[in-house]
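K.L.:
This is the structure, below, for whatever I ask next.
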Amino acid sequence: MELVIGAILIILIIFVSGYIIKKKFYKEIDRLESWKIEIMNRPVIDELGKVKQLNMTGETEEMFERWRKNWDDIVAVELPDIEDHLFDSEEFTDKYRFKLAKESNQKIEAILTNIDAKIDKILGELNELIGSEESNRAEMEELSAEHKKIKKTLLIQRHTYGTSIDALEKKLDSLSEQFVVYNDLTANGDYLKAREVVIMLKDEIQTLTEKIEKIPDLITEVNIIPSQLNEIEEGYKEMIDQGFILDHLNMDKELEELRKSLEINTDLLVKTEVKEVESGIYEQKEKIDLLYELLEKEVHEKHFIIKNREETKNQLERIKESNEQIKEEVNFVQQSYQLLDGELNTPYSLEKQLTKLTKRFEVLETKITEDHSAFTILGADLREIREGIEKLNQDQHDFSLHLQNLRKDELEARDKLTELRRKTNEATRLITKSNIPGLPDDYKQLMDDVNKYIQDVFKSLNEKPLNIKAIQDFLQNAIEAVDVFYNKSVEMIETVVLVEKVIQYGNRYRARNRNLAEGLQRAEEYFRSYDYYSALEEAASAIEGVEPGALKQIEEMITKEEI
């Protein structure tokens, strides 16, 4: 019984599976059938009908015949073949021959894809042809208007184009011939070739329009340049007569090259080579501006030399006098202050720099007198000398100020010493007034160090001559030591007061708490041996063990008492 049920189930499963697969194949066949119908309904005939409105000759006639033949082949041969294959696919599917049905469907899909591509190509070429005809017609109207406008401009403004007019008119005639070519191609149905002519005409007319717009201005530029070159040449010769040395400019060679370049640009302008002429004129104008600038610079430098020559000579004399004064000042300062080797050598170093500048200026004056050098070269030398003089002036000023500051530094050191002594005495007075039981050894040592540093400053200020560098070093040590000593004094007084208050506060618990009593006892022993910081640590630890926060309360109480 079980075997029978199992066999029935297997048969049922096979039947259901076969049904599902058949349904899938029928669905695919329906899709391919729809695709075939869609292809048959594509508007190829309607589109071909549009072509008949054009001139059915030449290229258009050939293309039309080819498209129609391709479409006839599709309709008469390829689509009927698809119908046969669809019938085979249905038959294979009905008989559960799925492998053959699949192969048949694949053939149908390949054929349909190929037909679709052929139709797309036909419609694409067809639209290109029709679009070319429409575009040609619209664009040629605009181009014809542009052509007439150019012709009118050349006729009315002929005189503004000079020698370029022949080339422009020749180009215009050439474009007129292309309009004739276009009309012939269109009449013969060669719309695609006519399209190429339209594109060519569009580029050529645009180029010609640009030339017509630019050439008058370029002619003006070219006509201006000769007068500019003549002006430069006349100015150059006039400056030579006035004694300017201008050999380094190679002016004759530069002007000759510019005139040759001008001839080239003129020839190019006759040929209407606008871009080349624009580039050439730009380069010429840059060179001309540079030549003007070089000549003007020579004139400017001459005026600079005339204006500053005598003043520079006087400055060198004044620096020499200042250096002698600095030497005398150094000798005077040496009687009261010690100077380092570098400081002693400064006046002689300045003198060497002055000697070099003086020699350079003497050479420069010789060159100016002999008139063998360009003023730009002489002017550059004079500027360097004046820069050297300015630096030398500054160095002299800085050194003189340094010498003057020695006395100022001495007085500041003496004032600071007085202040340090006052601060030290103030710290000592605070200690005495506070009735501290005794002074720790480290504090005594600090006091000795302070006195020693102050004494070092005092001794250095009484030496003859004074060594300001040594004084300032001793003074810095003293300042640091006094600051530490004063702060240490204030801190120790505050610590002693706090210890006494803590012990007094702790006495209320002393009889009741043995640990606290022992802690306070150790604190008192430290206090009597002048170890106030250890005493505070022991006392604070003992009282905090009994009453946490007590130390803070005591500190606040002391602060209120001071206020």
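Convention: chains lettered A, B, ... in structure tokens order; per-chain residue numbering from 1; ligands numbered from 1 as shown.
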Which residues, written as a list in words, have at least one atom at most 9 Å from Val222 (chain A), with only C-alpha atoms counted and residues fewer than 3 positions away on the same chain left out?
P.N.:
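In the requested format, the answer is Asp217, Leu218, Ile219, Ile225, Pro226, Leu262, Asn265, Thr266 and Ile281 of chain A.
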K.L.:
Take the selection from the previous step and output its residues with N, CA and C atoms, as a compact mmCIF listing (two decimals), in the first residue's frame.
P.N.:
```txt
# COMPACT_ATOMS: atom_id res chain seq x y z
N ASP A 217 41.13 97.52 -36.30
CA ASP A 217 41.92 97.88 -35.11
C ASP A 217 43.38 97.46 -35.27
N LEU A 218 43.60 96.29 -35.88
CA LEU A 218 44.97 95.82 -36.08
C LEU A 218 45.71 96.74 -37.05
N ILE A 219 45.01 97.22 -38.06
CA ILE A 219 45.63 98.17 -39.01
C ILE A 219 46.05 99.43 -38.28
N ILE A 225 52.78 101.85 -34.66
CA ILE A 225 54.10 101.35 -34.24
C ILE A 225 55.26 102.08 -34.91
N PRO A 226 55.23 102.38 -36.24
CA PRO A 226 56.38 103.08 -36.84
C PRO A 226 56.69 104.41 -36.16
N LEU A 262 57.66 94.22 -37.77
CA LEU A 262 56.53 95.01 -38.26
C LEU A 262 56.22 94.67 -39.71
N ASN A 265 54.39 91.38 -39.79
CA ASN A 265 52.99 91.52 -39.36
C ASN A 265 52.15 92.21 -40.43
N THR A 266 52.77 93.16 -41.14
CA THR A 266 52.05 93.84 -42.23
C THR A 266 51.70 92.86 -43.33
N ILE A 281 51.82 91.71 -32.71
CA ILE A 281 51.67 93.08 -32.21
C ILE A 281 51.81 93.12 -30.69
```
K.L.:
Leaving out Ile305 (chain A) and any residue of its chain fewer than 4 positions from it, which residues lie within 9 Å of it when counting only C-alpha atoms, given as a ChimeraX atom specification?
P.N.:
/A:300-301,309-310,368,375,378-379,382
K.L.:
Taking N, CA and C atoms for each residue, export the selection above as an mmCIF file, in the first residue's frame.
P.N.:
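And here's result14.cif as it stands now:
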```
data_model
loop_
_atom_site.group_PDB
_atom_site.id
_atom_site.type_symbol
_atom_site.label_atom_id
_atom_site.label_comp_id
_atom_site.auth_asym_id
_atom_site.auth_seq_id
_atom_site.Cartn_x
_atom_site.Cartn_y
_atom_site.Cartn_z
ATOM 1 N N HIS A 300 65.995 108.853 -15.117
ATOM 2 C CA HIS A 300 65.689 108.880 -13.691
ATOM 3 C C HIS A 300 66.945 108.659 -12.850
ATOM 4 N N GLU A 301 67.775 107.712 -13.283
ATOM 5 C CA GLU A 301 68.999 107.416 -12.522
ATOM 6 C C GLU A 301 69.977 108.586 -12.573
ATOM 7 N N ARG A 309 74.488 112.634 -4.992
ATOM 8 C CA ARG A 309 75.957 112.484 -5.025
ATOM 9 C C ARG A 309 76.611 113.288 -3.900
ATOM 10 N N GLU A 310 76.317 114.585 -3.848
ATOM 11 C CA GLU A 310 76.965 115.454 -2.862
ATOM 12 C C GLU A 310 76.502 115.099 -1.449
ATOM 13 N N ILE A 368 81.680 108.467 -12.685
ATOM 14 C CA ILE A 368 80.741 109.526 -13.078
ATOM 15 C C ILE A 368 81.459 110.608 -13.875
ATOM 16 N N PHE A 375 74.072 105.313 -16.551
ATOM 17 C CA PHE A 375 73.595 105.854 -15.279
ATOM 18 C C PHE A 375 72.857 104.801 -14.447
ATOM 19 N N LEU A 378 75.629 103.140 -12.541
ATOM 20 C CA LEU A 378 76.149 104.055 -11.531
ATOM 21 C C LEU A 378 75.116 104.264 -10.417
ATOM 22 N N GLY A 379 73.853 104.364 -10.802
ATOM 23 C CA GLY A 379 72.799 104.555 -9.815
ATOM 24 C C GLY A 379 72.676 103.366 -8.875
ATOM 25 N N LEU A 382 75.458 103.609 -6.380
ATOM 26 C CA LEU A 382 75.208 104.654 -5.402
ATOM 27 C C LEU A 382 74.161 104.204 -4.374
#
```
K.L.:
Considering only C-alpha atoms, can you say which of A:Asp473, A:Glu329, A:Glu518, A:Glu257 comes closest to Leu401 (chain A)?
P.N.:
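Checking each of A:Asp473, A:Glu329, A:Glu518, A:Glu257 against Leu401 (chain A), counting only C-alpha atoms, the winner is A:Glu329.
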K.L.:
Expressed in Å to a single decimal, how great is the separation between CA of Glu491 (chain A) and CA of Gly519 (chain A)?
P.N.:
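Answer for the CA of Glu491 (chain A) to CA of Gly519 (chain A) separation: 22.9 Å.
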K.L.:
Extract, using only C-alpha atoms, all DNA, RNA and protein residues at most 8 Å from Ile554 (chain A), discarding same-chain residues fewer than 6 positions from it, and format them as a ChimeraX atom specification.
P.N.:
/A:498,501-502
K.L.:
With a distance cut-off of 9 Å and only C-alpha atoms, select the neighbouring residues of Ile431 (chain A), excluding the residue or stretch itself and same-chain residues fewer than 3 positions from it, and output the selection as a count of residues only.
P.N.:
10
K.L.:
Under the rule that only C-alpha atoms are counted, which of A:Lys285, A:Arg512, A:Lys320, A:Arg528 is the nearest residue to Thr355 (chain A)?
P.N.:
A:Lys320
K.L.:
I'd like the contact shell of Ile240 (chain A) - 12 Å cut-off, only C-alpha atoms, skipping same-chain residues fewer than 4 positions apart - returned as a list in words.
P.N.:
Glu233, Glu234, Gly235, Tyr236, Phe244, Ile245, Leu246, Asp247, Leu249, Met251, Leu295, Glu298, Val299, Asp371 and Ala374 of chain A
K.L.:
So which residues touch Tyr509 (chain A) within 10 Å, counting only C-alpha atoms, skipping near sequence neighbours fewer than 6 positions away, as a list in words?
P.N.:
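So the residues in contact are Leu516, Ala517, Ile543, Val546 and Glu547 of chain A.
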K.L.:
Measuring atom to atom with only C-alpha atoms, identify which of A:Leu258, A:Val197, A:Ile212, A:Leu268 is nearest to Leu185 (chain A).
P.N.:
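Closest residue, counting only C-alpha atoms: A:Val197.
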K.L.:
Looking at only C-alpha atoms, which of A:Lys275, A:Ile224, A:Gly506, A:Gln455 is the one that sits closest to Ile288 (chain A)?
P.N.:
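Closest residue, counting only C-alpha atoms: A:Ile224.
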K.L.:
Report, in Å with one decimal, the straight-line distance from CA of Leu354 (chain A) to CA of Ile326 (chain A).
P.N.:
13.6 Å
